[in-house]
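Participant: To be precise about what I am sending: the file is called upload_5.cif and holds mmCIF, C-alpha atoms and all ligand atoms.
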data_upload
#
loop_
_atom_site.group_PDB
_atom_site.id
_atom_site.type_symbol
_atom_site.label_atom_id
_atom_site.label_comp_id
_atom_site.auth_asym_id
_atom_site.auth_seq_id
_atom_site.Cartn_x
_atom_site.Cartn_y
_atom_site.Cartn_z
ATOM 1 C CA MET A 1 -10.289 -0.623 -21.806
ATOM 2 C CA LEU A 2 -8.239 -3.507 -23.132
ATOM 3 C CA ALA A 3 -6.986 -5.435 -20.139
ATOM 4 C CA GLU A 4 -8.941 -4.850 -16.950
ATOM 5 C CA ILE A 5 -12.653 -4.578 -17.620
ATOM 6 C CA PRO A 6 -14.404 -7.700 -16.331
ATOM 7 C CA THR A 7 -16.412 -9.699 -18.862
ATOM 8 C CA MET A 8 -17.677 -13.263 -19.247
ATOM 9 C CA ALA A 9 -15.953 -16.113 -21.073
ATOM 10 C CA ILE A 10 -16.143 -19.880 -21.059
ATOM 11 C CA ASP A 11 -13.435 -21.087 -18.702
ATOM 12 C CA LEU A 12 -14.185 -24.762 -18.078
ATOM 13 C CA VAL A 13 -15.550 -27.308 -20.538
ATOM 14 C CA GLN A 14 -16.749 -30.750 -19.512
ATOM 15 C CA ILE A 15 -16.919 -32.932 -22.610
ATOM 16 C CA GLU A 16 -19.259 -35.876 -22.401
ATOM 17 C CA ASP A 17 -19.250 -37.071 -25.975
ATOM 18 C CA ASN A 18 -17.096 -35.996 -28.893
ATOM 19 C CA SER A 19 -17.036 -38.046 -32.075
ATOM 20 C CA THR A 20 -16.084 -35.106 -34.270
ATOM 21 C CA VAL A 21 -12.751 -34.839 -36.026
ATOM 22 C CA LEU A 22 -11.650 -32.093 -33.651
ATOM 23 C CA ALA A 23 -9.798 -32.813 -30.411
ATOM 24 C CA ASP A 24 -11.477 -31.923 -27.113
ATOM 25 C CA GLU A 25 -8.879 -29.262 -26.337
ATOM 26 C CA PHE A 26 -9.333 -27.663 -29.721
ATOM 27 C CA ILE A 27 -13.078 -27.360 -29.219
ATOM 28 C CA ALA A 28 -12.598 -26.073 -25.677
ATOM 29 C CA HIS A 29 -10.281 -23.375 -26.975
ATOM 30 C CA ARG A 30 -12.786 -22.318 -29.615
ATOM 31 C CA LEU A 31 -15.536 -22.168 -27.018
ATOM 32 C CA GLY A 32 -13.383 -19.977 -24.779
ATOM 33 C CA MET A 33 -13.024 -17.419 -27.533
ATOM 34 C CA LEU A 34 -16.765 -16.930 -28.032
ATOM 35 C CA PRO A 35 -17.903 -13.483 -26.949
ATOM 36 C CA LEU A 36 -20.585 -13.699 -24.262
ATOM 37 C CA ASN A 37 -22.927 -10.984 -23.092
ATOM 38 C CA ALA A 38 -21.354 -9.264 -20.086
ATOM 39 C CA GLU A 39 -24.051 -6.769 -19.168
ATOM 40 C CA GLY A 40 -24.594 -7.087 -15.423
ATOM 41 C CA VAL A 41 -21.326 -8.918 -14.838
ATOM 42 C CA GLU A 42 -20.649 -6.630 -11.854
ATOM 43 C CA ASN A 43 -23.289 -8.599 -9.937
ATOM 44 C CA LEU A 44 -21.353 -11.808 -10.381
ATOM 45 C CA PHE A 45 -18.546 -12.936 -8.068
ATOM 46 C CA TYR A 46 -15.118 -13.774 -9.350
ATOM 47 C CA SER A 47 -14.855 -17.534 -8.980
ATOM 48 C CA ARG A 48 -11.824 -17.159 -6.696
ATOM 49 C CA ASP A 49 -13.814 -14.933 -4.321
ATOM 50 C CA CYS A 50 -16.793 -17.272 -4.185
ATOM 51 C CA ASP A 51 -17.509 -19.757 -1.390
ATOM 52 C CA CYS A 52 -18.140 -22.647 -3.742
ATOM 53 C CA ASP A 53 -15.609 -25.370 -4.576
ATOM 54 C CA GLU A 54 -15.534 -25.088 -8.353
ATOM 55 C CA TYR A 55 -18.458 -23.090 -9.682
ATOM 56 C CA CYS A 56 -21.985 -22.072 -8.721
ATOM 57 C CA ASP A 57 -24.773 -19.757 -9.803
ATOM 58 C CA ARG A 58 -23.217 -16.810 -7.995
ATOM 59 C CA CYS A 59 -19.932 -16.950 -9.904
ATOM 60 C CA SER A 60 -20.680 -18.754 -13.186
ATOM 61 C CA VAL A 61 -23.075 -19.238 -16.035
ATOM 62 C CA ILE A 62 -23.620 -22.739 -17.394
ATOM 63 C CA LEU A 63 -24.055 -23.310 -21.121
ATOM 64 C CA SER A 64 -24.726 -26.721 -22.608
ATOM 65 C CA LEU A 65 -24.300 -27.971 -26.126
ATOM 66 C CA HIS A 66 -25.696 -31.174 -27.548
ATOM 67 C CA ALA A 67 -25.802 -31.759 -31.276
ATOM 68 C CA LYS A 68 -25.892 -34.840 -33.463
ATOM 69 C CA CYS A 69 -25.836 -34.923 -37.224
ATOM 70 C CA THR A 70 -28.699 -37.182 -38.272
ATOM 71 C CA GLY A 71 -29.024 -35.985 -41.870
ATOM 72 C CA ASP A 72 -26.954 -36.800 -44.935
ATOM 73 C CA GLU A 73 -25.139 -33.501 -45.069
ATOM 74 C CA ASN A 74 -22.568 -31.865 -42.827
ATOM 75 C CA MET A 75 -24.074 -29.983 -39.944
ATOM 76 C CA HIS A 76 -22.796 -26.652 -38.660
ATOM 77 C CA VAL A 77 -22.756 -26.101 -34.913
ATOM 78 C CA SER A 78 -22.594 -22.441 -33.970
ATOM 79 C CA ALA A 79 -22.863 -20.235 -30.909
ATOM 80 C CA ARG A 80 -26.646 -20.223 -31.228
ATOM 81 C CA ASP A 81 -26.698 -23.886 -30.220
ATOM 82 C CA LEU A 82 -25.255 -23.157 -26.774
ATOM 83 C CA VAL A 83 -28.119 -23.269 -24.286
ATOM 84 C CA PRO A 84 -27.776 -21.370 -20.998
ATOM 85 C CA SER A 85 -29.128 -23.277 -18.020
ATOM 86 C CA GLY A 86 -29.434 -22.964 -14.261
ATOM 87 C CA GLU A 87 -30.219 -19.911 -12.175
ATOM 88 C CA ARG A 88 -28.830 -16.743 -13.664
ATOM 89 C CA ILE A 89 -28.527 -13.227 -12.320
ATOM 90 C CA SER A 90 -30.148 -11.920 -15.470
ATOM 91 C CA GLN A 91 -31.589 -13.499 -18.574
ATOM 92 C CA THR A 92 -28.935 -11.959 -20.786
ATOM 93 C CA LEU A 93 -25.729 -12.423 -18.805
ATOM 94 C CA GLY A 94 -23.607 -15.110 -20.451
ATOM 95 C CA ASN A 95 -25.682 -15.434 -23.604
ATOM 96 C CA PRO A 96 -23.515 -15.908 -26.688
ATOM 97 C CA ILE A 97 -23.295 -12.727 -28.750
ATOM 98 C CA ILE A 98 -25.019 -13.248 -32.074
ATOM 99 C CA SER A 99 -24.822 -10.344 -34.467
ATOM 100 C CA ASP A 100 -24.733 -11.905 -37.933
ATOM 101 C CA PRO A 101 -27.781 -11.495 -40.202
ATOM 102 C CA ASP A 102 -28.579 -15.219 -40.106
ATOM 103 C CA GLY A 103 -28.695 -15.215 -36.311
ATOM 104 C CA LEU A 104 -26.260 -18.118 -35.952
ATOM 105 C CA GLY A 105 -23.264 -16.585 -34.222
ATOM 106 C CA PRO A 106 -19.689 -17.772 -34.612
ATOM 107 C CA LEU A 107 -19.188 -21.282 -36.013
ATOM 108 C CA ILE A 108 -17.878 -23.704 -33.374
ATOM 109 C CA LEU A 109 -17.470 -26.918 -35.382
ATOM 110 C CA LYS A 110 -18.942 -29.038 -38.161
ATOM 111 C CA LEU A 111 -20.391 -32.536 -37.817
ATOM 112 C CA ARG A 112 -20.283 -35.287 -40.437
ATOM 113 C CA PRO A 113 -23.332 -37.580 -40.605
ATOM 114 C CA GLY A 114 -23.496 -39.698 -37.465
ATOM 115 C CA GLN A 115 -21.085 -37.564 -35.438
ATOM 116 C CA GLU A 116 -22.127 -36.150 -32.098
ATOM 117 C CA ILE A 117 -20.975 -33.525 -29.631
ATOM 118 C CA LYS A 118 -22.216 -33.196 -26.078
ATOM 119 C CA LEU A 119 -20.622 -30.882 -23.553
ATOM 120 C CA LYS A 120 -21.158 -28.481 -20.700
ATOM 121 C CA CYS A 121 -19.420 -25.106 -20.500
ATOM 122 C CA ILE A 122 -18.833 -23.065 -17.374
ATOM 123 C CA ALA A 123 -18.467 -19.375 -18.154
ATOM 124 C CA LYS A 124 -16.758 -17.240 -15.544
ATOM 125 C CA LYS A 125 -16.018 -13.620 -14.884
ATOM 126 C CA GLY A 126 -12.493 -12.500 -15.661
ATOM 127 C CA ILE A 127 -10.244 -9.846 -17.124
ATOM 128 C CA ALA A 128 -8.024 -9.873 -20.192
ATOM 129 C CA LYS A 129 -4.893 -9.488 -18.089
ATOM 130 C CA GLU A 130 -5.423 -13.136 -17.227
ATOM 131 C CA HIS A 131 -6.478 -14.295 -20.684
ATOM 132 C CA ALA A 132 -7.278 -12.386 -23.868
ATOM 133 C CA LYS A 133 -10.655 -14.129 -24.180
ATOM 134 C CA TRP A 134 -11.983 -11.733 -21.520
ATOM 135 C CA ALA A 135 -11.058 -8.639 -23.544
ATOM 136 C CA PRO A 136 -14.161 -6.495 -24.131
ATOM 137 C CA SER A 137 -12.673 -4.621 -27.057
ATOM 138 C CA ALA A 138 -11.130 -5.817 -30.262
ATOM 139 C CA ALA A 139 -9.122 -2.725 -31.091
ATOM 140 C CA ILE A 140 -8.688 0.696 -29.576
ATOM 141 C CA GLY A 141 -6.996 3.563 -31.322
ATOM 142 C CA PHE A 142 -6.582 7.170 -30.395
ATOM 143 C CA GLU A 143 -5.290 10.294 -32.000
ATOM 144 C CA TYR A 144 -4.987 13.983 -31.370
ATOM 145 C CA ASP A 145 -4.216 17.067 -33.381
ATOM 146 C CA PRO A 146 -6.273 16.360 -36.524
ATOM 147 C CA HIS A 147 -4.905 19.436 -38.283
ATOM 148 C CA ASN A 148 -1.259 18.627 -37.487
ATOM 149 C CA LYS A 149 -0.943 21.918 -35.660
ATOM 150 C CA LEU A 150 1.516 20.355 -33.238
ATOM 151 C CA HIS A 151 3.759 19.016 -35.961
ATOM 152 C CA HIS A 152 6.388 21.363 -37.185
ATOM 153 C CA LEU A 153 5.657 20.758 -40.849
ATOM 154 C CA ASP A 154 7.798 23.546 -42.272
ATOM 155 C CA LEU A 155 10.541 21.081 -43.147
ATOM 156 C CA TRP A 156 8.834 17.719 -42.974
ATOM 157 C CA TYR A 157 7.453 17.327 -46.433
ATOM 158 C CA GLU A 158 8.654 16.493 -49.928
ATOM 159 C CA GLN A 159 6.548 18.698 -52.205
ATOM 160 C CA ASP A 160 3.286 19.724 -50.591
ATOM 161 C CA ALA A 161 2.817 19.648 -46.819
ATOM 162 C CA LYS A 162 -0.993 19.819 -47.088
ATOM 163 C CA LYS A 163 -1.119 16.797 -49.384
ATOM 164 C CA GLU A 164 1.355 14.712 -47.447
ATOM 165 C CA TRP A 165 -0.157 15.475 -44.026
ATOM 166 C CA PRO A 166 -3.891 15.354 -44.689
ATOM 167 C CA PRO A 167 -6.222 16.355 -41.868
ATOM 168 C CA SER A 168 -7.826 13.343 -40.193
ATOM 169 C CA GLU A 169 -11.504 12.449 -39.967
ATOM 170 C CA TYR A 170 -11.763 14.471 -36.743
ATOM 171 C CA ALA A 171 -10.639 17.700 -38.433
ATOM 172 C CA ASP A 172 -14.186 19.097 -38.404
ATOM 173 C CA TRP A 173 -14.169 18.997 -34.614
ATOM 174 C CA GLU A 174 -11.397 21.539 -34.260
ATOM 175 C CA GLU A 175 -10.555 24.963 -35.572
ATOM 176 C CA PRO A 176 -8.345 24.777 -38.675
ATOM 177 C CA PRO A 177 -5.055 26.671 -38.486
ATOM 178 C CA GLN A 178 -5.042 30.178 -39.889
ATOM 179 C CA GLU A 179 -3.017 30.932 -42.965
ATOM 180 C CA GLY A 180 0.479 32.033 -41.981
ATOM 181 C CA GLU A 181 -0.141 31.247 -38.304
ATOM 182 C CA PRO A 182 3.215 30.966 -36.497
ATOM 183 C CA PHE A 183 4.106 27.604 -35.013
ATOM 184 C CA ASP A 184 3.260 27.417 -31.310
ATOM 185 C CA TYR A 185 6.174 25.757 -29.528
ATOM 186 C CA ASP A 186 4.315 25.636 -26.221
ATOM 187 C CA ALA A 187 1.192 23.921 -27.519
ATOM 188 C CA VAL A 188 0.287 20.579 -25.955
ATOM 189 C CA PRO A 189 -2.408 18.112 -27.000
ATOM 190 C CA ASN A 190 -5.502 18.523 -24.872
ATOM 191 C CA ARG A 191 -8.184 16.738 -26.843
ATOM 192 C CA PHE A 192 -7.970 13.057 -27.715
ATOM 193 C CA TYR A 193 -10.169 11.077 -30.087
ATOM 194 C CA PHE A 194 -10.661 7.441 -29.215
ATOM 195 C CA ASN A 195 -11.894 4.762 -31.553
ATOM 196 C CA VAL A 196 -13.275 1.838 -29.579
ATOM 197 C CA GLU A 197 -14.243 -1.353 -31.330
ATOM 198 C CA THR A 198 -16.108 -3.816 -29.150
ATOM 199 C CA ALA A 199 -15.741 -7.576 -29.300
ATOM 200 C CA GLY A 200 -19.472 -7.813 -28.571
ATOM 201 C CA ALA A 201 -19.641 -8.422 -24.833
ATOM 202 C CA LEU A 202 -20.302 -4.779 -23.977
ATOM 203 C CA PRO A 203 -21.382 -1.810 -26.096
ATOM 204 C CA PRO A 204 -18.557 0.660 -26.827
ATOM 205 C CA ASP A 205 -19.908 3.362 -24.496
ATOM 206 C CA ALA A 206 -20.073 0.838 -21.662
ATOM 207 C CA ILE A 207 -16.442 -0.076 -22.322
ATOM 208 C CA ILE A 208 -15.499 3.587 -21.877
ATOM 209 C CA THR A 209 -17.431 4.017 -18.638
ATOM 210 C CA GLU A 210 -16.239 0.689 -17.239
ATOM 211 C CA GLY A 211 -12.672 1.616 -18.149
ATOM 212 C CA ILE A 212 -13.020 4.898 -16.263
ATOM 213 C CA LYS A 213 -14.440 2.986 -13.316
ATOM 214 C CA VAL A 214 -11.408 0.678 -13.215
ATOM 215 C CA LEU A 215 -9.130 3.716 -13.319
ATOM 216 C CA GLN A 216 -11.061 5.421 -10.505
ATOM 217 C CA ILE A 217 -10.790 2.348 -8.304
ATOM 218 C CA LYS A 218 -7.047 2.187 -8.895
ATOM 219 C CA LEU A 219 -6.566 5.862 -8.076
ATOM 220 C CA ALA A 220 -8.771 5.571 -5.000
ATOM 221 C CA GLN A 221 -6.676 2.646 -3.800
ATOM 222 C CA MET A 222 -3.543 4.689 -4.323
ATOM 223 C CA VAL A 223 -4.953 7.650 -2.384
ATOM 224 C CA LYS A 224 -5.989 5.278 0.401
ATOM 225 C CA ASP A 225 -2.562 3.670 0.575
ATOM 226 C CA LEU A 226 -0.825 7.036 0.635
ATOM 227 C CA SER A 227 -3.049 8.515 3.322
ATOM 228 C CA GLU A 228 -2.750 5.408 5.490
ATOM 229 C CA GLY A 229 1.008 5.672 5.201
ATOM 230 C CA ASP A 230 1.008 9.047 6.994
ATOM 231 C CA GLY A 231 2.435 8.925 10.459
ATOM 232 C CA ASP A 232 4.908 6.098 10.382
ATOM 233 C CA GLY A 233 6.500 7.286 7.170
ATOM 234 C CA ASN A 234 7.073 3.723 6.088
ATOM 235 C CA GLY A 235 3.611 2.601 5.246
ATOM 236 C CA ALA A 236 4.601 1.167 1.917
ATOM 237 C CA TYR A 237 6.765 -1.445 3.594
ATOM 238 C CA ASP A 238 4.066 -2.753 5.870
ATOM 239 C CA GLY A 239 2.484 -4.962 3.300
ATOM 240 C CA PRO A 240 4.943 -7.603 2.245
ATOM 241 C CA ARG A 241 6.445 -8.296 5.660
ATOM 242 C CA SER A 242 5.291 -11.171 7.737
ATOM 243 C CA PRO A 243 3.583 -10.185 10.973
ATOM 244 C CA GLU A 244 6.314 -11.672 13.143
ATOM 245 C CA PHE A 245 9.070 -9.816 11.387
ATOM 246 C CA GLY A 246 10.910 -7.541 13.768
ATOM 247 C CA GLY A 247 8.203 -7.954 16.307
ATOM 248 C CA GLY A 248 10.399 -9.121 19.149
ATOM 249 C CA GLY A 249 13.088 -11.550 20.045
ATOM 250 C CA ALA A 250 12.179 -15.060 19.166
ATOM 251 C CA ASP A 251 10.691 -14.973 15.731
ATOM 252 C CA GLY A 252 11.072 -17.611 13.095
ATOM 253 C CA TRP A 253 13.635 -15.643 11.167
ATOM 254 C CA GLY A 254 16.131 -15.327 13.972
ATOM 255 C CA GLY A 255 16.238 -19.023 14.662
ATOM 256 C CA GLY A 256 16.783 -19.985 11.105
ATOM 257 C CA GLN A 257 19.457 -17.423 10.363
ATOM 258 C CA ASP A 258 21.689 -17.964 13.368
ATOM 259 C CA PRO A 259 25.086 -18.719 11.844
ATOM 260 C CA GLY A 260 26.851 -19.369 15.145
ATOM 261 C CA PHE A 261 28.144 -15.952 16.171
ATOM 262 C CA THR A 262 26.382 -13.754 18.646
ATOM 263 C CA THR A 263 22.884 -13.003 17.436
ATOM 264 C CA PRO A 264 20.711 -10.174 18.555
ATOM 265 C CA TYR A 265 18.795 -12.693 20.581
ATOM 266 C CA GLY A 266 21.794 -13.767 22.525
ATOM 267 C CA ASN A 267 22.166 -10.564 24.460
ATOM 268 C CA GLY A 268 18.755 -9.614 25.482
ATOM 269 C CA GLY A 269 17.183 -8.975 22.148
ATOM 270 C CA ASN A 270 18.003 -5.325 22.099
ATOM 271 C CA GLN A 271 20.568 -5.195 19.360
ATOM 272 C CA SER A 272 20.514 -6.126 15.735
ATOM 273 C CA ALA A 273 23.159 -8.317 14.168
ATOM 274 C CA TRP A 274 24.402 -5.325 12.202
ATOM 275 C CA GLY A 275 24.479 -2.968 15.071
ATOM 276 C CA GLY A 276 26.803 -5.194 17.062
ATOM 277 C CA ALA A 277 29.521 -5.084 14.458
ATOM 278 C CA GLY A 278 29.163 -1.518 13.325
ATOM 279 C CA ALA A 279 27.883 1.318 15.390
ATOM 280 C CA GLY A 280 28.099 -0.413 18.722
ATOM 281 C CA GLY A 281 25.250 -0.797 21.087
ATOM 282 C CA GLY A 282 21.741 -0.822 19.789
ATOM 283 C CA THR A 283 22.051 2.108 17.438
ATOM 284 C CA THR A 284 21.982 0.743 13.940
ATOM 285 C CA PRO A 285 21.321 2.914 10.951
ATOM 286 C CA TYR A 286 17.929 1.349 11.141
ATOM 287 C CA GLY A 287 17.478 2.184 14.768
ATOM 288 C CA THR A 288 15.272 5.111 13.932
ATOM 289 C CA THR A 289 12.846 3.183 11.812
ATOM 290 C CA PRO A 290 9.786 1.641 13.327
ATOM 291 C CA TYR A 291 11.365 -1.740 12.689
ATOM 292 C CA GLY A 292 14.700 -1.172 14.364
ATOM 293 C CA GLY A 293 12.999 0.158 17.448
ATOM 294 C CA ALA A 294 11.385 -3.126 18.200
ATOM 295 C CA GLY A 295 14.744 -4.536 19.069
ATOM 296 C CA GLY A 296 14.522 -7.950 17.516
ATOM 297 C CA SER A 297 15.087 -7.367 13.860
ATOM 298 C CA SER A 298 17.741 -9.436 12.192
ATOM 299 C CA TRP A 299 18.423 -6.561 9.816
HETATM 300 ZN ZN ZN B 301 -19.346 -19.865 -6.890
#
Now that the file is in, can you turn its structure into C-alpha cells?
Facilitator:
Amino acid sequence: MLAEIPTMAIDLVQIEDNSTVLADEFIAHRLGMLPLNAEGVENLFYSRDCDCDEYCDRCSVILSLHAKCTGDENMHVSARDLVPSGERISQTLGNPIISDPDGLGPLILKLRPGQEIKLKCIAKKGIAKEHAKWAPSAAIGFEYDPHNKLHHLDLWYEQDAKKEWPPSEYADWEEPPQEGEPFDYDAVPNRFYFNVETAGALPPDAIITEGIKVLQIKLAQMVKDLSEGDGDGNGAYDGPRSPEFGGGGADGWGGGQDPGFTTPYGNGGNQSAWGGAGAGGGTTPYGTTPYGGAGGSSW
C-alpha cells in the first residue's frame, strides 16, 4: 500500500520561461510532489515499456502551466493552473488533485508583478519504490487486540491497568474480556485494523484493493517460478546465467579464464577444471547437476 501501487506523478519538466525567484530545479521538485488523479492508471504503459523515445499519449499525461503577473500584487500559482493537454486515456487521469474549499489545490509558487512562468510537465506512471512522489498513501497504521487481551497486563501497570492500557477506538468491534478471565497463552491476533490515509491520487478503498492486487501478482509469480522449477530441481539458478554458460566447449567464459594450465577444453571438453584436479575424470561434485553434465562448465 505504501511502495508498489502505481500512480501518476510529474516526472519531466520542460521550462520555457522562468523569471520567478525560484530556481528551475526547485519548481520542478515542487511539481513532482503534486498529487495527480490516478484512477485508470492501469490502462497506461510504464514509460520504460512503451515504444516511444521519451513520452507519448500511451505512457504519459502532459500538463502545461503559463502564468504572468500583470497586476500590482503578488500572484499565487497553484495546482489549478496546470492545464492537461493532448490525448488522454480518460478525462480525469493526471488531473491535479484539488480538495481545498477554495478549489485552488497546492500552491506551486508566487509571482511578483512582471514575473512569468511557462513550462510543460510530463506526468508518468510509477511506484513509490522508485520515488516517494508516486506513493498513493500518506500514512498507514494498523493495530490489533483493542482490549489488550493478548497483553499479559497482570504485572505491567503502575496503579490501574484499565487506566494505563485504555481500549482503543476499535474496542466496540470485539468482545470485551470477561471479569476474571484467565490469560490465554495460546491466543494469537487474527483481526487487524488498518488506518489508510490517502495522498489524494486514489481513494482509500482503492488503495486497499490495489495493494491486494500487487500482492496477488507477486504470489502468482512465486507459484509460477516454483512450479516451473519442478523437474530439473535447479530452476532458481536458470535465470541469472548467460545462455552460453556451461552449454558446451567453446564459450566466452572458457577463453577468458584460461590461466595456462590444462583447461577443460584442452582435452575434449568433457571435464571441468575442478574435476581434473580433484576427483579424477569427469566426475566433479557438480557432475550430477544439469550444468556439470554438459561437459563444458568452467566450474
Ligand atoms: Zn510512450
Participant: So which residues get picked by the PyMOL selection byres (((not hetatm)) within 12 of (chain B and resi 301)) here, written as a count of residues only?
Facilitator: 23
Participant: Listed atoms of region 202-214 of chain A, axis-aligned box, 8 Å per side: centre and edge lengths to one decimal in Å, as JSON?
Facilitator:
{"center_x": -16.4, "center_y": 0.1, "center_z": -20.0, "size_x": 26.0, "size_y": 25.7, "size_z": 29.6}
Participant: Need the shell around Ser137 (chain A): protein/DNA/RNA residues with any atom at most 12 Å away, counting only C-alpha atoms. Skip same-chain ones fewer than 5 positions apart. Format as a list in words?
Facilitator: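 After dropping sequence-adjacent residues, the list is Met1, Leu2, Ala3, Glu4, Ile5, Pro6, Thr7, Pro35, Ile127, Ala128, Ala132, Asn195, Val196, Glu197, Thr198, Ala199, Gly200, Ala201, Leu202, Pro203, Pro204, Asp205, Ala206, Ile207, Ile208, Glu210 and Gly211 of chain A.
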Participant: Going by the chain IDs and residue numbers used in this file, which residues fall under the PyMOL selection byres (((chain A and resi 16) around 12) and not hetatm)? Write them as a PyMOL selection string.
Facilitator: chain A and resi 13-15+17-19+24+64-67+116-121
Participant: Suppose you want the space between CA of Met8 (chain A) and CA of Leu34 (chain A); what is it in Å?
Facilitator: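 Taking CA of Met8 (chain A) as the start and CA of Leu34 (chain A) as the end point, the length is 9.6 Å.
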Participant: In Å to one decimal, how far is CA of Tyr193 (chain A) from CA of Ile140 (chain A)?
Facilitator: 10.5 Å
Participant: Applying 10 Å and all atoms listed in the file, which residues near Pro113 (chain A) remain after dropping the ones on its own chain fewer than 2 positions away? List them as a VMD selection string.
Facilitator: chain A and resid 20 68 to 75 110 to 111 115 to 116
Participant: Please measure the separation of CA of Leu12 (chain A) and CA of Arg30 (chain A), giving the value in Å to one decimal.
Facilitator: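 Atom-to-atom, CA of Leu12 (chain A) and CA of Arg30 (chain A) are spaced 11.9 Å apart.
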Participant: Could you check which of A:Phe26, A:Trp165, A:Tyr185, A:Tyr157 is closest to Leu109 (chain A), using all atoms listed in the file?
Facilitator: A:Phe26
Participant: So which residues get picked by the PyMOL selection byres (((chain A and resi 169-177) around 7) and not hetatm) here, written as a list of chain:residue names?
Facilitator: A:Pro146, A:His147, A:Lys149, A:Pro167, A:Ser168, A:Gln178, A:Glu179, A:Glu181
Participant: Within 10 Å of His131 (chain A), counting only C-alpha atoms, which residues show up once you throw out same-chain ones fewer than 4 positions away? Write them as a short mmCIF file (atom, residue, chain, number, x, y, z; two decimals) with C-alpha atoms, in the coordinates of the input, please.
Facilitator:
data_model
loop_
_atom_site.label_atom_id
_atom_site.label_comp_id
_atom_site.auth_asym_id
_atom_site.auth_seq_id
_atom_site.Cartn_x
_atom_site.Cartn_y
_atom_site.Cartn_z
CA ALA A 3 -6.99 -5.44 -20.14
CA ALA A 9 -15.95 -16.11 -21.07
CA ASP A 11 -13.44 -21.09 -18.70
CA GLY A 32 -13.38 -19.98 -24.78
CA MET A 33 -13.02 -17.42 -27.53
CA GLY A 126 -12.49 -12.50 -15.66
CA ILE A 127 -10.24 -9.85 -17.12
CA ALA A 135 -11.06 -8.64 -23.54
#
